[in-house]
Amino acid sequence: MNQYDVVIVGSGHGGAQAGIALRQNGFEGSIQIIGRDPKPPYERPPLSKEYLAGEKPFERIMIRPLQFWADKDIGLTLGETVSRIDPQAREVQLASGERVGYGRLIWSAGGDARRLSCPGSHLDGVHAVRDQRDVERLMEDLEGGAKKFVVIGGGYIGLEAAAVLRKLGCEVTLLETMDRVLSRVAGEDLSTFFAEEHRRHGVDVRLGCSIERLEGEERVTGVTLADGETIACDAVVAGIGIVPSVGPLIAAGAAGANGVDVSDICHTSLEKVYAIGDCAAHANRYANGAVVRLESVQNAHDMATTVAKAICGDPQPYDAMPWFWSNQYDLKLQTAGLSMDHDTTVLRGDPAERSFSVIYLRDGVVIAVDAVNRTKDYVQGGRLVKRQAEVDPETLMDTEIPLKEMG
């Protein structure tokens with residue numbers, strides 16, 4: 001049985017950064033990254049954007065060149081899944097049956113794409129956008145002549161995929177069960193703007209839709225809605241969120257309901273076991289102290305650094321400001337903070353000019369900023385979020401006053 005000082009489960013952003021940060025903080029012990037993806041660590045956000053569009057080859061989305069990991073003496077076990085954890089023996093067991101011992105374990109397995117549960121969801125031509133293999137299969141359909149797509153889900157992934165498919169000349173219908181797109185992450189001003197932008201680019205955006213089933217025998221040929229209408233298609237893209245990959249942790253006794261619970265230094269309830277990234281539920285002051293999971297590169301990266309410092313004897317509570325971004329058509333959406341539980345929104349600028357911001361407040365305090373093609377507002381608004389600045393809404397609305405001069 002191989003034994004390592006640190007075993008990292010997951011080769012995405014969090015796992016890769018954990019290994020990098022350990023070396024940056026002077027850790028000299030052995031490190032082994034175990035990832036179920038057969039590819040070396042690569043960036044996920046470009047998958048639904050530049051990679052799907054064919055604008056970036058795989059080599060350009062790799063987090064580091066392959067030789068980097070050897071140079072840093074960080075081992076890679078790829079294409080392997082951890083099926084069991086023994087916290088008493090400090091071992092993980094792989095699906096292949098191999099056992100691997102650890103001194104400390106960092107769980108960064110992320111999540112699995114949530115699958116459609118309706119009849120027909122097993123058919124060929126039904127795609128997720130979670131890893132490189134998912135996108136390769138989607139690209140194979142495109143190369144095979146697929147032109148009519150139904151995208152299910154009006155969150156970031158669904159909207160980004162719809163934008164790229166339109167750019168590639170496909171006919172796209174986007175279905176969202178809620179009454180607006182981005183309903184879980186943004187206010188109505190932003191939702192309305194993005195729905196109209198997609199419609200302007202030729203996407204048939206349908207809100208409040210319930211799916212009855214997918215049609216077809218071996219391959220999907222259509223999507224039937226609850227009202228009986230069937231939308232013909234060559235392929236389906238489902239962007240309906242993720243399911244945290246924490247089964248072995250929970251089975252081993254780790255506390256958690258939505259993901260796995262972690263402390264302010266990302267330690268689970270299991271001895272010598274940490275968890276980071278999409279699957280880690282933590283109390284976050286930017287969420288008004290609520291326990292949340294954040295599915296973002298920023299969160300995975302900063303949690304990884306938190307764990308590395310803790311392992312290296314410099315524990316510092318995780319307190320990073322959340323930020324996100326999304327590219328759709330020629331629009332760059334940048335978000336600082338979390339808008340959940342806001343009680344006031346301020347529209348700064350004119351959406352008709354395709355450059356504006358939405359600022360969110362709670363009890364008079366700036367808690368989040370959504371900036372569309374307005375990078376200065378994103379940067380300066382982020383500082384207001386960090387400072388928990390109290391600013392009058394009328395002042396925030398005045399585009400003649402830079403946000404850096406407020407609060």
# chains A, B, ... in the order shown; residues from 1 in each chain; ligands from 1

$ residues_around --residues "Gly125 (chain A)" --least-positions-apart "6" --cutoff "7 Å" --atoms "only C-alpha atoms" --output "PyMOL selection string"
chain A and resi 219-220+235-236

$ select_by_dssp --residues "region 155-236 of chain A" --states "strand (DSSP E)" --output "JSON, numbers by chain"
{"A": [171, 172, 173, 174, 175, 176, 204, 205, 206, 207, 211, 212, 213, 214, 215, 222, 223, 224, 225, 230, 231, 232, 235, 236]}

$ residues_around --residues "Asp363 (chain A)" --least-positions-apart "4" --cutoff "9 Å" --atoms "only C-alpha atoms" --output "list in words"
His342, Asp343, Thr344 and Glu390 of chain A

$ write_last_selection --atoms "all heavy atoms" --output "PDB file, in the first residue's frame"
ATOM      1  N   HIS A 342     -31.059  40.021   0.020  1.00  0.00           N
ATOM      2  CA  HIS A 342     -31.004  41.482  -0.124  1.00  0.00           C
ATOM      3  C   HIS A 342     -32.417  42.051   0.029  1.00  0.00           C
ATOM      4  O   HIS A 342     -33.410  41.364  -0.227  1.00  0.00           O
ATOM      5  CB  HIS A 342     -30.417  41.876  -1.473  1.00  0.00           C
ATOM      6  CG  HIS A 342     -31.284  41.507  -2.643  1.00  0.00           C
ATOM      7  ND1 HIS A 342     -31.234  40.275  -3.276  1.00  0.00           N
ATOM      8  CD2 HIS A 342     -32.248  42.216  -3.308  1.00  0.00           C
ATOM      9  CE1 HIS A 342     -32.103  40.242  -4.250  1.00  0.00           C
ATOM     10  NE2 HIS A 342     -32.740  41.401  -4.304  1.00  0.00           N
ATOM     11  N   ASP A 343     -32.500  43.294   0.463  1.00  0.00           N
ATOM     12  CA  ASP A 343     -33.809  43.941   0.578  1.00  0.00           C
ATOM     13  C   ASP A 343     -33.946  45.163  -0.330  1.00  0.00           C
ATOM     14  O   ASP A 343     -35.021  45.742  -0.449  1.00  0.00           O
ATOM     15  CB  ASP A 343     -34.097  44.327   2.038  1.00  0.00           C
ATOM     16  CG  ASP A 343     -33.003  45.185   2.666  1.00  0.00           C
ATOM     17  OD1 ASP A 343     -32.419  46.033   1.955  1.00  0.00           O
ATOM     18  OD2 ASP A 343     -32.711  44.997   3.864  1.00  0.00           O
ATOM     19  N   THR A 344     -32.848  45.554  -0.982  1.00  0.00           N
ATOM     20  CA  THR A 344     -32.865  46.711  -1.879  1.00  0.00           C
ATOM     21  C   THR A 344     -31.950  46.441  -3.060  1.00  0.00           C
ATOM     22  O   THR A 344     -30.867  45.870  -2.896  1.00  0.00           O
ATOM     23  CB  THR A 344     -32.371  47.980  -1.152  1.00  0.00           C
ATOM     24  OG1 THR A 344     -33.164  48.202   0.019  1.00  0.00           O
ATOM     25  CG2 THR A 344     -32.456  49.201  -2.055  1.00  0.00           C
ATOM     26  N   GLU A 390     -22.008  51.367   4.092  1.00  0.00           N
ATOM     27  CA  GLU A 390     -23.376  51.872   4.056  1.00  0.00           C
ATOM     28  C   GLU A 390     -23.404  53.072   3.115  1.00  0.00           C
ATOM     29  O   GLU A 390     -22.733  54.071   3.365  1.00  0.00           O
ATOM     30  CB  GLU A 390     -23.846  52.271   5.457  1.00  0.00           C
ATOM     31  CG  GLU A 390     -23.973  51.100   6.419  1.00  0.00           C
ATOM     32  CD  GLU A 390     -24.631  51.504   7.733  1.00  0.00           C
ATOM     33  OE1 GLU A 390     -25.564  52.335   7.688  1.00  0.00           O
ATOM     34  OE2 GLU A 390     -24.195  50.998   8.779  1.00  0.00           O
TER      35      GLU A 390
END

$ closest_residue --among "A:Val7, A:Pro244, A:Leu190, A:Arg90" --to "Arg114 (chain A)" --atoms "only C-alpha atoms"
A:Pro244

$ select_by_dssp --residues "region 102-186 of chain A" --states "helix (DSSP H, G or I)" --output "NGL selection string"
:A and (132-143 or 156-167)

$ write_last_selection --atoms "C-alpha atoms" --output "PDB file, in the first residue's frame"
ATOM      1  CA  GLN A 132     -13.901  17.741 -20.662  1.00  0.00           C
ATOM      2  CA  ARG A 133     -15.386  14.393 -21.657  1.00  0.00           C
ATOM      3  CA  ASP A 134     -18.902  15.878 -21.450  1.00  0.00           C
ATOM      4  CA  VAL A 135     -17.955  18.666 -23.829  1.00  0.00           C
ATOM      5  CA  GLU A 136     -16.113  16.334 -26.185  1.00  0.00           C
ATOM      6  CA  ARG A 137     -19.283  14.274 -26.571  1.00  0.00           C
ATOM      7  CA  LEU A 138     -21.273  17.435 -27.231  1.00  0.00           C
ATOM      8  CA  MET A 139     -18.712  18.547 -29.820  1.00  0.00           C
ATOM      9  CA  GLU A 140     -18.972  15.142 -31.507  1.00  0.00           C
ATOM     10  CA  ASP A 141     -22.707  15.713 -31.919  1.00  0.00           C
ATOM     11  CA  LEU A 142     -22.031  19.124 -33.419  1.00  0.00           C
ATOM     12  CA  GLU A 143     -19.512  17.649 -35.832  1.00  0.00           C
ATOM     13  CA  TYR A 156     -24.867  30.298 -15.846  1.00  0.00           C
ATOM     14  CA  ILE A 157     -24.066  26.974 -17.554  1.00  0.00           C
ATOM     15  CA  GLY A 158     -27.274  26.863 -19.556  1.00  0.00           C
ATOM     16  CA  LEU A 159     -27.005  30.464 -20.701  1.00  0.00           C
ATOM     17  CA  GLU A 160     -23.319  30.139 -21.602  1.00  0.00           C
ATOM     18  CA  ALA A 161     -23.962  26.952 -23.567  1.00  0.00           C
ATOM     19  CA  ALA A 162     -26.892  28.589 -25.369  1.00  0.00           C
ATOM     20  CA  ALA A 163     -24.710  31.563 -26.324  1.00  0.00           C
ATOM     21  CA  VAL A 164     -21.966  29.344 -27.768  1.00  0.00           C
ATOM     22  CA  LEU A 165     -24.437  27.147 -29.648  1.00  0.00           C
ATOM     23  CA  ARG A 166     -25.997  30.222 -31.250  1.00  0.00           C
ATOM     24  CA  LYS A 167     -22.526  31.461 -32.159  1.00  0.00           C
TER      25      LYS A 167
END

$ closest_residue --among "A:Arg64, A:Arg84, A:Arg184, A:Arg36" --to "Asp112 (chain A)" --atoms "only C-alpha atoms"
A:Arg36

$ closest_atom_pairs --of "region 70-177 of chain A" --to "region 300-315 of chain A" --cutoff "12 Å" --atoms "only C-alpha atoms" --output "CSV"
residue,atom,partner,partner_atom,distance
A:Gly103,CA,A:Ile311,CA,10.5
A:Arg104,CA,A:Ile311,CA,8.4
A:Leu105,CA,A:Val307,CA,10.3
A:Ile106,CA,A:Val307,CA,8.1
A:Trp107,CA,A:Ala304,CA,10.0
A:Ser108,CA,A:Ala300,CA,8.1
A:Ala109,CA,A:Ala300,CA,10.6
A:Gly110,CA,A:Ala300,CA,9.0
